[in-house]
Amino acid sequence: MREPLGSHFRRLPRDFCRGLHSCNRAQRRDLKSARDTGKIAIAKGTRDAESAELDVSSRLATILVTGGAGYIGSHTLVELLAAGYDVVCIDNFSNSSPEALRRVERIASRPVRRVDGDIRDKRLLELAFAAAPIEAVIHFAALKAVGESVLRPLDYYDNNVGGTISLLHACRGAGVKRFVFSSSATVYGIPQKLPLTEDMPLSPVNPYGATKLVNEQLLRDLCVAEPAMSVVSLRYFNPIGAHASGLIGEDPRDIPNNLFPCLTQAAIGQRERLSVFGSDWSTRDGTGVRDYIHVVDLALGHVCALRHCAQSTGFTPINLGTGRGTSVLELIKAFEQASGQPVPYQIVERRAGDIAECYADAGLALRLLQWRATRDVKQMCADGWRWQQGNPSGYS
Ligand code: NAD
Ligand code: UFG
C-alpha cells in the first residue's frame with residue numbers, strides 16, 4: 001500500500017539520496033562532478049548526497065523515465081508523481097524543453113530529479129542509475145517523425161535502437177528487470193483486419209516504425225534469455241490533447257504533420273486553414289479514421305503497466321487505444337463544439353503513405369492492466385485547445 005502523498009513529500013529531501021549504498025567511490029566522485037557541472041539537477045533543499053543516511057524502510061519506488069520532458073513523457077511524470085512514485089528523468093531536450101519539467105513540478109507540487117543528456121551516453125546512464133535505486137524504467141526517448149525517418153534512417157536507428165541498447169546495458173548493470181517501452185500502432189503497418197489485436201502480423205512501412213519493431217524484437221529476445229525480465233511494450237494509437245491544467249501539452253519543434261496540432265493551429269490563426277488529406281477513403285465520410293486517445297489516459301496506462309510488470313515476467317505487447325475510430329471531419333466537428341472556434345479547412349489530395357482506417361482492440365489492456373480510456377474526443381479537444389490558447393508558442 002502506498003503512503004499518502006503528503007508524508008512522501010515531507011520525506012523527499014532525505015529520499016533523494018537514497019541508493020547511494022550501491023555507488024562505489026568512483027561513481028560517487030562522478031556523481032559529484034556531474035552535479036557540479038550541472039548535468040544532474042537536484043531539487044533545492046535536498047541534502048548532500050554523501051552525507052545522506054539510507055532509510056530503506058521509507059522507500060517508495062523510483063522510476064527512471066527516458067524522454068520525460070517530451071509530450072507523452074511529461075504527462076506520464078505527472079501521473080507517476082500523483083500515484084506516489086518517485087521519478088528520475090533523463091532527456092537530451094532534442095525535441096523538448098526543460099520548461100516542461102518545471103511545469104510538471106508545478107502541477108505535481110513535487111520535484112523532478114533531472115539528468116540532462118543522451119541515453120547513448122553510457123557514463124551518464126550509469127550516473128542516473130547510481131543516483132537512486134531504480135526499480136523500473138519507462139523508455140520514451142526516441143525520434144518520432146515518420147517523414148524525417150525516411151530521409152535520415154541512420155540517425156533514427158542510431159537514436160532509437162542504439163539508445164535502447166545502451167539503456168538495456170545500463171539496466172542490466174543496475175539489476176533493473178522491469179521495463180515499459182513506448183511502441184506504436186505503426187508496427188502493424190497496413191491493417192489486414194480491424195480492430196487491431198496484438199497478435200496481428202507486424203509489418204511497419206517506414207524506418208521509424210521499423211525501429212519500433214526492432215526494439216520490440218530485441219526486448220522479446222532479451223526476455224527469453226533473461227527469464228526474470230518483465231517488459232510491457234505499449235503500442236500507442238493516436239495521442240492528442242493535453243493536461244487539464246493547460247500547463248503541459250504537445251509542443252512540436254518543426255512544422256507539425258499530425259492532424260491535431262495542425263487543426264489547433266488553423267483554429268488559432270497560425271495557419272490559414274487545415275488541409276484534409278482526401279475525402280475519398282472507404283470510410284463513413286470519406287476522410288481518414290484513427291483511434292485518438294487522450295494523452296492523460298495514455299499516461300495512466302503507463303502507471304498500470306508498471307504494476308503489471310511487478311507481477312509478471314516476459315514480453316507483453318499491449319495496445320493503448322480507445323477502440324473507437326474518429327474521422328478527420330468528426331474530429332473537426334468535435335473540436336468546434338468543444339472550443340466554440342471555427343476550423344477553416346479544405347479537402348486536398350490524399351497524403352502519400354496514409355491508410356484509410358486504424359483503431360485498436362483495447363481488450364487486452366483492460367484484461368491485463370485493468371486500464372481503459374475514459375476521456376472522449378470532446379474532452380481531448382477541450383484540453384488541447386486550452387493548452388494551445390494558453391501557450392501559443394509552446395514552452396518558448
Ligand atoms: P517527444 O519527441 O515529445 O518526446 C521524446 C523525448 O525524448 C523528447 O523530450 C526528446 O528530447 C527525448 N529524446 C529523444 N532522443 C533522446 C536521446 N537519445 N536521449 C535522451 N533523450 C532523448 O515524443 P512523444 O510524442 O512524447 O513520444 C514519446 C514516445 O512515444 C516515443 O518513443 C515515440 O516514438 C512514441 N510514440 C509517440 C506517438 C505520438 O503520436 N506522439 C505515437 C506512438 C508512439
Ligand atoms: N490528416 C489530415 N490533415 C493533416 C494531418 C493529418 O487530414 O494536416 C489526416 C491523415 O490523413 C489521417 C489522420 O488525419 O487520416 C491522422 O493523421 P496523423 O498524421 O495525425 O496520424 P497518423 O495516424 O497518420 O500517424 C500517427 C503518427 C505516427 C504513428 C501512427 C500510428 O504520426 O507516428 O499515428 O500510431 F505511427
# chains A, B, ... in the order shown; residues from 1 in each chain; ligands from 1
call {"tool": "residues_near_ligand", "arguments": {"ligand": "ligand 2", "cutoff": "8 Å", "atoms": "only C-alpha atoms and all ligand atoms", "output": "PDB file with N, CA and C atoms, in the first residue's frame"}}
result
ATOM      1  N   LYS A 144      10.715  10.646 -33.647  1.00  0.00           N
ATOM      2  CA  LYS A 144       9.394  10.093 -33.990  1.00  0.00           C
ATOM      3  C   LYS A 144       8.765  10.636 -35.274  1.00  0.00           C
ATOM      4  N   ALA A 145       9.526  11.404 -36.060  1.00  0.00           N
ATOM      5  CA  ALA A 145       8.916  11.974 -37.266  1.00  0.00           C
ATOM      6  C   ALA A 145       9.070  11.008 -38.449  1.00  0.00           C
ATOM      7  N   VAL A 146       7.926  10.514 -38.923  1.00  0.00           N
ATOM      8  CA  VAL A 146       7.945   9.477 -39.957  1.00  0.00           C
ATOM      9  C   VAL A 146       8.701   9.947 -41.209  1.00  0.00           C
ATOM     10  N   SER A 184       4.345   1.627 -30.875  1.00  0.00           N
ATOM     11  CA  SER A 184       3.382   2.406 -31.656  1.00  0.00           C
ATOM     12  C   SER A 184       2.528   1.469 -32.506  1.00  0.00           C
ATOM     13  N   ALA A 185       1.320   1.909 -32.789  1.00  0.00           N
ATOM     14  CA  ALA A 185       0.455   1.155 -33.699  1.00  0.00           C
ATOM     15  C   ALA A 185       1.076   1.069 -35.086  1.00  0.00           C
ATOM     16  N   THR A 186       2.080   1.898 -35.323  1.00  0.00           N
ATOM     17  CA  THR A 186       2.744   1.889 -36.620  1.00  0.00           C
ATOM     18  C   THR A 186       3.425   0.539 -36.897  1.00  0.00           C
ATOM     19  N   VAL A 187       3.686  -0.266 -35.845  1.00  0.00           N
ATOM     20  CA  VAL A 187       4.322  -1.574 -36.080  1.00  0.00           C
ATOM     21  C   VAL A 187       3.416  -2.517 -36.875  1.00  0.00           C
ATOM     22  N   TYR A 208      10.988   4.738 -39.154  1.00  0.00           N
ATOM     23  CA  TYR A 208      10.582   4.992 -37.765  1.00  0.00           C
ATOM     24  C   TYR A 208       9.885   3.753 -37.196  1.00  0.00           C
ATOM     25  N   GLY A 209       8.894   3.251 -37.949  1.00  0.00           N
ATOM     26  CA  GLY A 209       8.161   2.066 -37.493  1.00  0.00           C
ATOM     27  C   GLY A 209       9.081   0.865 -37.361  1.00  0.00           C
ATOM     28  N   ARG A 235       1.721  -0.213 -27.326  1.00  0.00           N
ATOM     29  CA  ARG A 235       1.546   0.251 -28.712  1.00  0.00           C
ATOM     30  C   ARG A 235       0.477   1.339 -28.722  1.00  0.00           C
ATOM     31  N   TYR A 236       0.974   2.586 -28.798  1.00  0.00           N
ATOM     32  CA  TYR A 236       0.045   3.720 -28.728  1.00  0.00           C
ATOM     33  C   TYR A 236      -0.661   3.898 -30.062  1.00  0.00           C
ATOM     34  N   PHE A 237      -1.913   4.308 -29.980  1.00  0.00           N
ATOM     35  CA  PHE A 237      -2.607   4.713 -31.199  1.00  0.00           C
ATOM     36  C   PHE A 237      -2.364   6.222 -31.383  1.00  0.00           C
ATOM     37  N   ASN A 238      -3.359   7.075 -31.427  1.00  0.00           N
ATOM     38  CA  ASN A 238      -3.073   8.480 -31.765  1.00  0.00           C
ATOM     39  C   ASN A 238      -3.296   9.404 -30.568  1.00  0.00           C
ATOM     40  N   ASN A 257       3.051  17.746 -38.581  1.00  0.00           N
ATOM     41  CA  ASN A 257       2.418  16.945 -39.640  1.00  0.00           C
ATOM     42  C   ASN A 257       1.155  16.271 -39.154  1.00  0.00           C
ATOM     43  N   ASN A 258       1.077  16.063 -37.848  1.00  0.00           N
ATOM     44  CA  ASN A 258      -0.066  15.324 -37.314  1.00  0.00           C
ATOM     45  C   ASN A 258      -1.316  16.192 -37.308  1.00  0.00           C
ATOM     46  N   LEU A 259      -2.442  15.505 -37.340  1.00  0.00           N
ATOM     47  CA  LEU A 259      -3.700  16.224 -37.509  1.00  0.00           C
ATOM     48  C   LEU A 259      -3.977  17.238 -36.397  1.00  0.00           C
ATOM     49  N   PHE A 260      -3.867  16.800 -35.138  1.00  0.00           N
ATOM     50  CA  PHE A 260      -4.373  17.664 -34.069  1.00  0.00           C
ATOM     51  C   PHE A 260      -3.620  18.991 -33.948  1.00  0.00           C
ATOM     52  N   CYS A 262      -2.056  20.536 -36.264  1.00  0.00           N
ATOM     53  CA  CYS A 262      -2.402  21.327 -37.465  1.00  0.00           C
ATOM     54  C   CYS A 262      -3.788  21.954 -37.290  1.00  0.00           C
ATOM     55  N   LEU A 263      -4.684  21.175 -36.714  1.00  0.00           N
ATOM     56  CA  LEU A 263      -6.056  21.647 -36.504  1.00  0.00           C
ATOM     57  C   LEU A 263      -6.092  22.832 -35.523  1.00  0.00           C
ATOM     58  N   LEU A 274      -6.731  24.231 -42.370  1.00  0.00           N
ATOM     59  CA  LEU A 274      -6.288  22.839 -42.253  1.00  0.00           C
ATOM     60  C   LEU A 274      -6.495  22.146 -43.596  1.00  0.00           C
ATOM     61  N   SER A 275      -5.501  21.405 -44.037  1.00  0.00           N
ATOM     62  CA  SER A 275      -5.674  20.570 -45.234  1.00  0.00           C
ATOM     63  C   SER A 275      -6.178  19.208 -44.795  1.00  0.00           C
ATOM     64  N   VAL A 276      -7.310  18.801 -45.346  1.00  0.00           N
ATOM     65  CA  VAL A 276      -7.837  17.462 -45.046  1.00  0.00           C
ATOM     66  C   VAL A 276      -7.389  16.550 -46.192  1.00  0.00           C
ATOM     67  N   PHE A 277      -6.588  15.527 -45.831  1.00  0.00           N
ATOM     68  CA  PHE A 277      -5.936  14.709 -46.861  1.00  0.00           C
ATOM     69  C   PHE A 277      -6.879  13.635 -47.403  1.00  0.00           C
ATOM     70  N   GLY A 278      -7.711  14.015 -48.331  1.00  0.00           N
ATOM     71  CA  GLY A 278      -8.570  13.063 -49.032  1.00  0.00           C
ATOM     72  C   GLY A 278      -9.947  12.932 -48.418  1.00  0.00           C
ATOM     73  N   THR A 287     -13.188  10.533 -45.090  1.00  0.00           N
ATOM     74  CA  THR A 287     -11.911  11.019 -44.544  1.00  0.00           C
ATOM     75  C   THR A 287     -11.294   9.949 -43.630  1.00  0.00           C
ATOM     76  N   GLY A 288      -9.999  10.068 -43.398  1.00  0.00           N
ATOM     77  CA  GLY A 288      -9.261   9.048 -42.646  1.00  0.00           C
ATOM     78  C   GLY A 288      -9.768   8.891 -41.217  1.00  0.00           C
ATOM     79  N   VAL A 289      -9.797   7.653 -40.759  1.00  0.00           N
ATOM     80  CA  VAL A 289     -10.288   7.347 -39.401  1.00  0.00           C
ATOM     81  C   VAL A 289      -9.122   6.852 -38.538  1.00  0.00           C
ATOM     82  N   ARG A 290      -9.035   7.401 -37.324  1.00  0.00           N
ATOM     83  CA  ARG A 290      -7.974   6.996 -36.399  1.00  0.00           C
ATOM     84  C   ARG A 290      -8.551   6.848 -34.994  1.00  0.00           C
ATOM     85  N   SER A 327     -13.274  10.087 -37.568  1.00  0.00           N
ATOM     86  CA  SER A 327     -12.790  10.582 -38.866  1.00  0.00           C
ATOM     87  C   SER A 327     -12.247  12.003 -38.704  1.00  0.00           C
ATOM     88  N   VAL A 328     -11.544  12.461 -39.730  1.00  0.00           N
ATOM     89  CA  VAL A 328     -10.999  13.825 -39.678  1.00  0.00           C
ATOM     90  C   VAL A 328     -12.153  14.830 -39.534  1.00  0.00           C
ATOM     91  N   ILE A 347     -10.443  20.358 -48.463  1.00  0.00           N
ATOM     92  CA  ILE A 347     -10.100  18.982 -48.820  1.00  0.00           C
ATOM     93  C   ILE A 347      -9.016  19.040 -49.894  1.00  0.00           C
ATOM     94  N   ARG A 350      -4.990  13.014 -51.223  1.00  0.00           N
ATOM     95  CA  ARG A 350      -4.541  12.089 -50.182  1.00  0.00           C
ATOM     96  C   ARG A 350      -3.047  12.293 -49.899  1.00  0.00           C
ATOM     97  N   ARG A 351      -2.623  12.043 -48.686  1.00  0.00           N
ATOM     98  CA  ARG A 351      -1.202  12.121 -48.345  1.00  0.00           C
ATOM     99  C   ARG A 351      -0.559  10.755 -48.639  1.00  0.00           C
ATOM    100  N   ASP A 354      -0.564   7.209 -46.406  1.00  0.00           N
ATOM    101  CA  ASP A 354      -1.669   7.134 -45.435  1.00  0.00           C
ATOM    102  C   ASP A 354      -2.489   5.860 -45.613  1.00  0.00           C
ATOM    103  N   ILE A 355      -3.199   5.494 -44.568  1.00  0.00           N
ATOM    104  CA  ILE A 355      -4.152   4.386 -44.659  1.00  0.00           C
ATOM    105  C   ILE A 355      -5.544   4.928 -44.346  1.00  0.00           C
ATOM    106  N   ALA A 356      -6.579   4.180 -44.753  1.00  0.00           N
ATOM    107  CA  ALA A 356      -7.945   4.666 -44.562  1.00  0.00           C
ATOM    108  C   ALA A 356      -8.309   4.708 -43.083  1.00  0.00           C
ATOM    109  N   GLU A 357      -8.067   3.618 -42.429  1.00  0.00           N
ATOM    110  CA  GLU A 357      -8.655   3.455 -41.091  1.00  0.00           C
ATOM    111  C   GLU A 357      -7.732   2.659 -40.178  1.00  0.00           C
ATOM    112  N   CYS A 358      -7.725   3.007 -38.926  1.00  0.00           N
ATOM    113  CA  CYS A 358      -6.884   2.293 -37.957  1.00  0.00           C
ATOM    114  C   CYS A 358      -7.462   2.513 -36.558  1.00  0.00           C
TER     115      CYS A 358
END
call {"tool": "closest_atom_pairs", "arguments": {"of": "chain A", "to": "ligand 1", "cutoff": "8 Å", "atoms": "only C-alpha atoms and all ligand atoms", "output": "Markdown table"}}
result
| residue | atom | partner | partner_atom_place_in_ligand_line | distance |
| --- | --- | --- | --- | --- |
| A:Thr66 | CA | ligand 1 | 21 (N) | 6.1 |
| A:Gly67 | CA | ligand 1 | 7 (O) | 3.3 |
| A:Gly68 | CA | ligand 1 | 9 (O) | 5.9 |
| A:Ala69 | CA | ligand 1 | 9 (O) | 4.4 |
| A:Gly70 | CA | ligand 1 | 4 (O) | 3.4 |
| A:Tyr71 | CA | ligand 1 | 26 (O) | 3.6 |
| A:Ile72 | CA | ligand 1 | 26 (O) | 3.7 |
| A:Gly73 | CA | ligand 1 | 26 (O) | 5.3 |
| A:Ser74 | CA | ligand 1 | 26 (O) | 7.5 |
| A:Ile90 | CA | ligand 1 | 20 (C) | 6.0 |
| A:Asp91 | CA | ligand 1 | 21 (N) | 3.6 |
| A:Asn92 | CA | ligand 1 | 20 (C) | 4.2 |
| A:Phe93 | CA | ligand 1 | 11 (O) | 3.5 |
| A:Ser94 | CA | ligand 1 | 11 (O) | 3.8 |
| A:Asn95 | CA | ligand 1 | 11 (O) | 3.9 |
| A:Ser96 | CA | ligand 1 | 9 (O) | 4.4 |
| A:Ser97 | CA | ligand 1 | 9 (O) | 7.1 |
| A:Asp116 | CA | ligand 1 | 20 (C) | 7.9 |
| A:Gly117 | CA | ligand 1 | 20 (C) | 5.8 |
| A:Asp118 | CA | ligand 1 | 19 (N) | 3.5 |
| A:Ile119 | CA | ligand 1 | 19 (N) | 4.1 |
| A:Arg120 | CA | ligand 1 | 18 (N) | 5.9 |
| A:His139 | CA | ligand 1 | 32 (O) | 7.1 |
| A:Phe140 | CA | ligand 1 | 29 (C) | 4.2 |
| A:Ala141 | CA | ligand 1 | 7 (O) | 3.4 |
| A:Ala142 | CA | ligand 1 | 14 (C) | 4.1 |
| A:Leu143 | CA | ligand 1 | 14 (C) | 5.4 |
| A:Lys144 | CA | ligand 1 | 34 (O) | 4.6 |
| A:Asn159 | CA | ligand 1 | 18 (N) | 5.1 |
| A:Asn160 | CA | ligand 1 | 18 (N) | 7.1 |
| A:Gly163 | CA | ligand 1 | 18 (N) | 5.6 |
| A:Phe181 | CA | ligand 1 | 32 (O) | 7.8 |
| A:Ser182 | CA | ligand 1 | 30 (O) | 4.8 |
| A:Ser183 | CA | ligand 1 | 44 (C) | 5.2 |
| A:Ser184 | CA | ligand 1 | 43 (C) | 4.0 |
| A:Ala185 | CA | ligand 1 | 43 (C) | 6.5 |
| A:Thr186 | CA | ligand 1 | 43 (C) | 7.2 |
| A:Tyr208 | CA | ligand 1 | 34 (O) | 7.8 |
| A:Lys212 | CA | ligand 1 | 34 (O) | 7.5 |
| A:Arg235 | CA | ligand 1 | 43 (C) | 6.7 |
| A:Tyr236 | CA | ligand 1 | 43 (C) | 4.7 |
| A:Phe237 | CA | ligand 1 | 42 (C) | 6.0 |
| A:Asn238 | CA | ligand 1 | 40 (O) | 5.2 |
| A:Pro239 | CA | ligand 1 | 40 (O) | 5.3 |
| A:Ile240 | CA | ligand 1 | 40 (O) | 7.5 |
| A:Glu250 | CA | ligand 1 | 3 (O) | 6.8 |
| A:Asp251 | CA | ligand 1 | 3 (O) | 7.3 |
| A:Pro252 | CA | ligand 1 | 3 (O) | 7.4 |
| A:Asn258 | CA | ligand 1 | 40 (O) | 7.8 |
call {"tool": "select_by_dssp", "arguments": {"residues": "region 59-209 of chain A", "states": "alpha helix (DSSP H)", "output": "number ranges by chain"}}
result
A: 71-82, 98-108, 122-130, 146-151, 153-156, 163-174, 207-209
call {"tool": "closest_residue", "arguments": {"among": "A:Glu216, A:Asp254, A:Glu105, A:Glu126", "to": "Ile318 (chain A)", "atoms": "only C-alpha atoms"}}
result
A:Glu216
call {"tool": "select_by_dssp", "arguments": {"residues": "region 114-269 of chain A", "states": "strand (DSSP E or B)", "output": "PyMOL selection string"}}
result
chain A and resi 114-116+134-139+178-184+196+230-236+238-240
call {"tool": "closest_residue", "arguments": {"among": "A:Ala228, A:Leu196, A:Val348, A:Val112", "to": "Gly363 (chain A)", "atoms": "only C-alpha atoms"}}
result
A:Leu196
call {"tool": "closest_residue", "arguments": {"among": "A:Ile107, A:Ala360, A:Ala83, A:Met380", "to": "Pro195 (chain A)", "atoms": "only C-alpha atoms"}}
result
A:Ala360
call {"tool": "closest_residue", "arguments": {"among": "A:Val377, A:Leu320, A:Ala334, A:Ala130", "to": "Cys304 (chain A)", "atoms": "only C-alpha atoms"}}
result
A:Leu320
call {"tool": "residues_around", "arguments": {"residues": "Ala267 (chain A)", "least_positions_apart": "5", "cutoff": "9 Å", "atoms": "only C-alpha atoms", "output": "ChimeraX atom specification"}}
result
/A:262,272-274,336,341-344,385
call {"tool": "write_last_selection", "arguments": {"atoms": "C-alpha atoms", "output": "mmCIF file, in the first residue's frame"}}
result
data_model
loop_
_atom_site.group_PDB
_atom_site.id
_atom_site.type_symbol
_atom_site.label_atom_id
_atom_site.label_comp_id
_atom_site.auth_asym_id
_atom_site.auth_seq_id
_atom_site.Cartn_x
_atom_site.Cartn_y
_atom_site.Cartn_z
ATOM 1 C CA CYS A 262 -2.402 21.327 -37.465
ATOM 2 C CA GLU A 272 -4.631 29.789 -42.889
ATOM 3 C CA ARG A 273 -6.542 26.524 -42.973
ATOM 4 C CA LEU A 274 -6.288 22.839 -42.253
ATOM 5 C CA GLU A 336 -15.555 23.236 -32.951
ATOM 6 C CA GLN A 341 -13.961 28.129 -32.538
ATOM 7 C CA PRO A 342 -14.495 27.507 -36.258
ATOM 8 C CA VAL A 343 -11.782 25.487 -38.021
ATOM 9 C CA PRO A 344 -11.149 26.655 -41.589
ATOM 10 C CA TRP A 385 -7.390 23.873 -27.032
#
call {"tool": "atom_distance", "arguments": {"atom1": "CA of Cys89 (chain A)", "atom2": "CA of Arg114 (chain A)"}}
result
5.0 Å
call {"tool": "residues_around", "arguments": {"residues": "Ala305 (chain A)", "least_positions_apart": "2", "cutoff": "8 Å", "atoms": "only C-alpha atoms", "output": "list in words"}}
result
Val180, Val232, Gly301, His302, Val303, Arg307, His308, Cys309 and Leu369 of chain A
call {"tool": "atom_distance", "arguments": {"atom1": "CA of Val214 (chain A)", "atom2": "CA of Val161 (chain A)"}}
result
7.2 Å
call {"tool": "residues_around", "arguments": {"residues": "Asp86 (chain A)", "least_positions_apart": "5", "cutoff": "8 Å", "atoms": "only C-alpha atoms", "output": "PyMOL selection string"}}
result
chain A and resi 60-63+80-81
call {"tool": "write_last_selection", "arguments": {"atoms": "N, CA and C atoms", "output": "PDB file, in the first residue's frame"}}
result
ATOM      1  N   LEU A  60       9.917   4.573  -1.414  1.00  0.00           N
ATOM      2  CA  LEU A  60       8.881   4.383  -2.419  1.00  0.00           C
ATOM      3  C   LEU A  60       9.613   4.052  -3.715  1.00  0.00           C
ATOM      4  N   ALA A  61       8.930   3.440  -4.638  1.00  0.00           N
ATOM      5  CA  ALA A  61       9.593   3.025  -5.867  1.00  0.00           C
ATOM      6  C   ALA A  61      10.037   4.233  -6.684  1.00  0.00           C
ATOM      7  N   THR A  62      11.246   4.127  -7.231  1.00  0.00           N
ATOM      8  CA  THR A  62      11.750   5.184  -8.106  1.00  0.00           C
ATOM      9  C   THR A  62      11.785   4.660  -9.538  1.00  0.00           C
ATOM     10  N   ILE A  63      11.245   5.470 -10.440  1.00  0.00           N
ATOM     11  CA  ILE A  63      11.163   5.075 -11.840  1.00  0.00           C
ATOM     12  C   ILE A  63      12.061   5.983 -12.658  1.00  0.00           C
ATOM     13  N   LEU A  80       2.756   9.633 -12.588  1.00  0.00           N
ATOM     14  CA  LEU A  80       3.612   8.822 -11.706  1.00  0.00           C
ATOM     15  C   LEU A  80       3.758   9.502 -10.350  1.00  0.00           C
ATOM     16  N   LEU A  81       4.002  10.805 -10.377  1.00  0.00           N
ATOM     17  CA  LEU A  81       4.157  11.550  -9.118  1.00  0.00           C
ATOM     18  C   LEU A  81       2.856  11.514  -8.328  1.00  0.00           C
TER      19      LEU A  81
END
call {"tool": "residues_around", "arguments": {"residues": "Asp383 (chain A)", "least_positions_apart": "5", "cutoff": "7 Å", "atoms": "only C-alpha atoms", "output": "list in words"}}
result
Gly241, Ala242, His243, Ala244 and Gly246 of chain A
call {"tool": "closest_residue", "arguments": {"among": "A:Met229, A:Val88, A:Leu300, A:Ala382", "to": "Leu125 (chain A)", "atoms": "only C-alpha atoms"}}
result
A:Val88
call {"tool": "closest_atom_pairs", "arguments": {"of": "region 312-370 of chain A", "to": "region 172-177 of chain A", "cutoff": "12 Å", "atoms": "only C-alpha atoms", "output": "tab-separated table"}}
result
residue	atom	partner	partner_atom	distance
A:Ser312	CA	A:Lys177	CA	10.7
A:Thr313	CA	A:Lys177	CA	8.9
A:Gly314	CA	A:Lys177	CA	10.1
A:Phe315	CA	A:Lys177	CA	11.4
call {"tool": "decode", "arguments": {"residues": "region 61-72 of chain A", "atoms": "N, CA and C atoms", "output": "PDB file, in the first residue's frame"}}
result
ATOM      1  N   ALA A  61       8.930   3.440  -4.638  1.00  0.00           N
ATOM      2  CA  ALA A  61       9.593   3.025  -5.867  1.00  0.00           C
ATOM      3  C   ALA A  61      10.037   4.233  -6.684  1.00  0.00           C
ATOM      4  N   THR A  62      11.246   4.127  -7.231  1.00  0.00           N
ATOM      5  CA  THR A  62      11.750   5.184  -8.106  1.00  0.00           C
ATOM      6  C   THR A  62      11.785   4.660  -9.538  1.00  0.00           C
ATOM      7  N   ILE A  63      11.245   5.470 -10.440  1.00  0.00           N
ATOM      8  CA  ILE A  63      11.163   5.075 -11.840  1.00  0.00           C
ATOM      9  C   ILE A  63      12.061   5.983 -12.658  1.00  0.00           C
ATOM     10  N   LEU A  64      12.911   5.384 -13.496  1.00  0.00           N
ATOM     11  CA  LEU A  64      13.706   6.168 -14.435  1.00  0.00           C
ATOM     12  C   LEU A  64      12.881   6.349 -15.709  1.00  0.00           C
ATOM     13  N   VAL A  65      12.685   7.619 -16.086  1.00  0.00           N
ATOM     14  CA  VAL A  65      11.867   7.918 -17.261  1.00  0.00           C
ATOM     15  C   VAL A  65      12.764   8.559 -18.309  1.00  0.00           C
ATOM     16  N   THR A  66      12.975   7.874 -19.431  1.00  0.00           N
ATOM     17  CA  THR A  66      13.758   8.486 -20.504  1.00  0.00           C
ATOM     18  C   THR A  66      12.808   9.295 -21.382  1.00  0.00           C
ATOM     19  N   GLY A  67      13.260  10.453 -21.848  1.00  0.00           N
ATOM     20  CA  GLY A  67      12.393  11.281 -22.696  1.00  0.00           C
ATOM     21  C   GLY A  67      11.234  11.889 -21.925  1.00  0.00           C
ATOM     22  N   GLY A  68      11.445  12.095 -20.631  1.00  0.00           N
ATOM     23  CA  GLY A  68      10.355  12.574 -19.766  1.00  0.00           C
ATOM     24  C   GLY A  68       9.934  14.014 -20.009  1.00  0.00           C
ATOM     25  N   ALA A  69      10.776  14.785 -20.712  1.00  0.00           N
ATOM     26  CA  ALA A  69      10.382  16.176 -20.986  1.00  0.00           C
ATOM     27  C   ALA A  69       9.495  16.280 -22.220  1.00  0.00           C
ATOM     28  N   GLY A  70       9.338  15.173 -22.932  1.00  0.00           N
ATOM     29  CA  GLY A  70       8.548  15.194 -24.167  1.00  0.00           C
ATOM     30  C   GLY A  70       7.047  15.212 -23.895  1.00  0.00           C
ATOM     31  N   TYR A  71       6.305  15.143 -24.975  1.00  0.00           N
ATOM     32  CA  TYR A  71       4.844  15.262 -24.905  1.00  0.00           C
ATOM     33  C   TYR A  71       4.228  14.184 -23.994  1.00  0.00           C
ATOM     34  N   ILE A  72       4.464  12.932 -24.314  1.00  0.00           N
ATOM     35  CA  ILE A  72       3.834  11.858 -23.526  1.00  0.00           C
ATOM     36  C   ILE A  72       4.573  11.679 -22.195  1.00  0.00           C
TER      37      ILE A  72
END
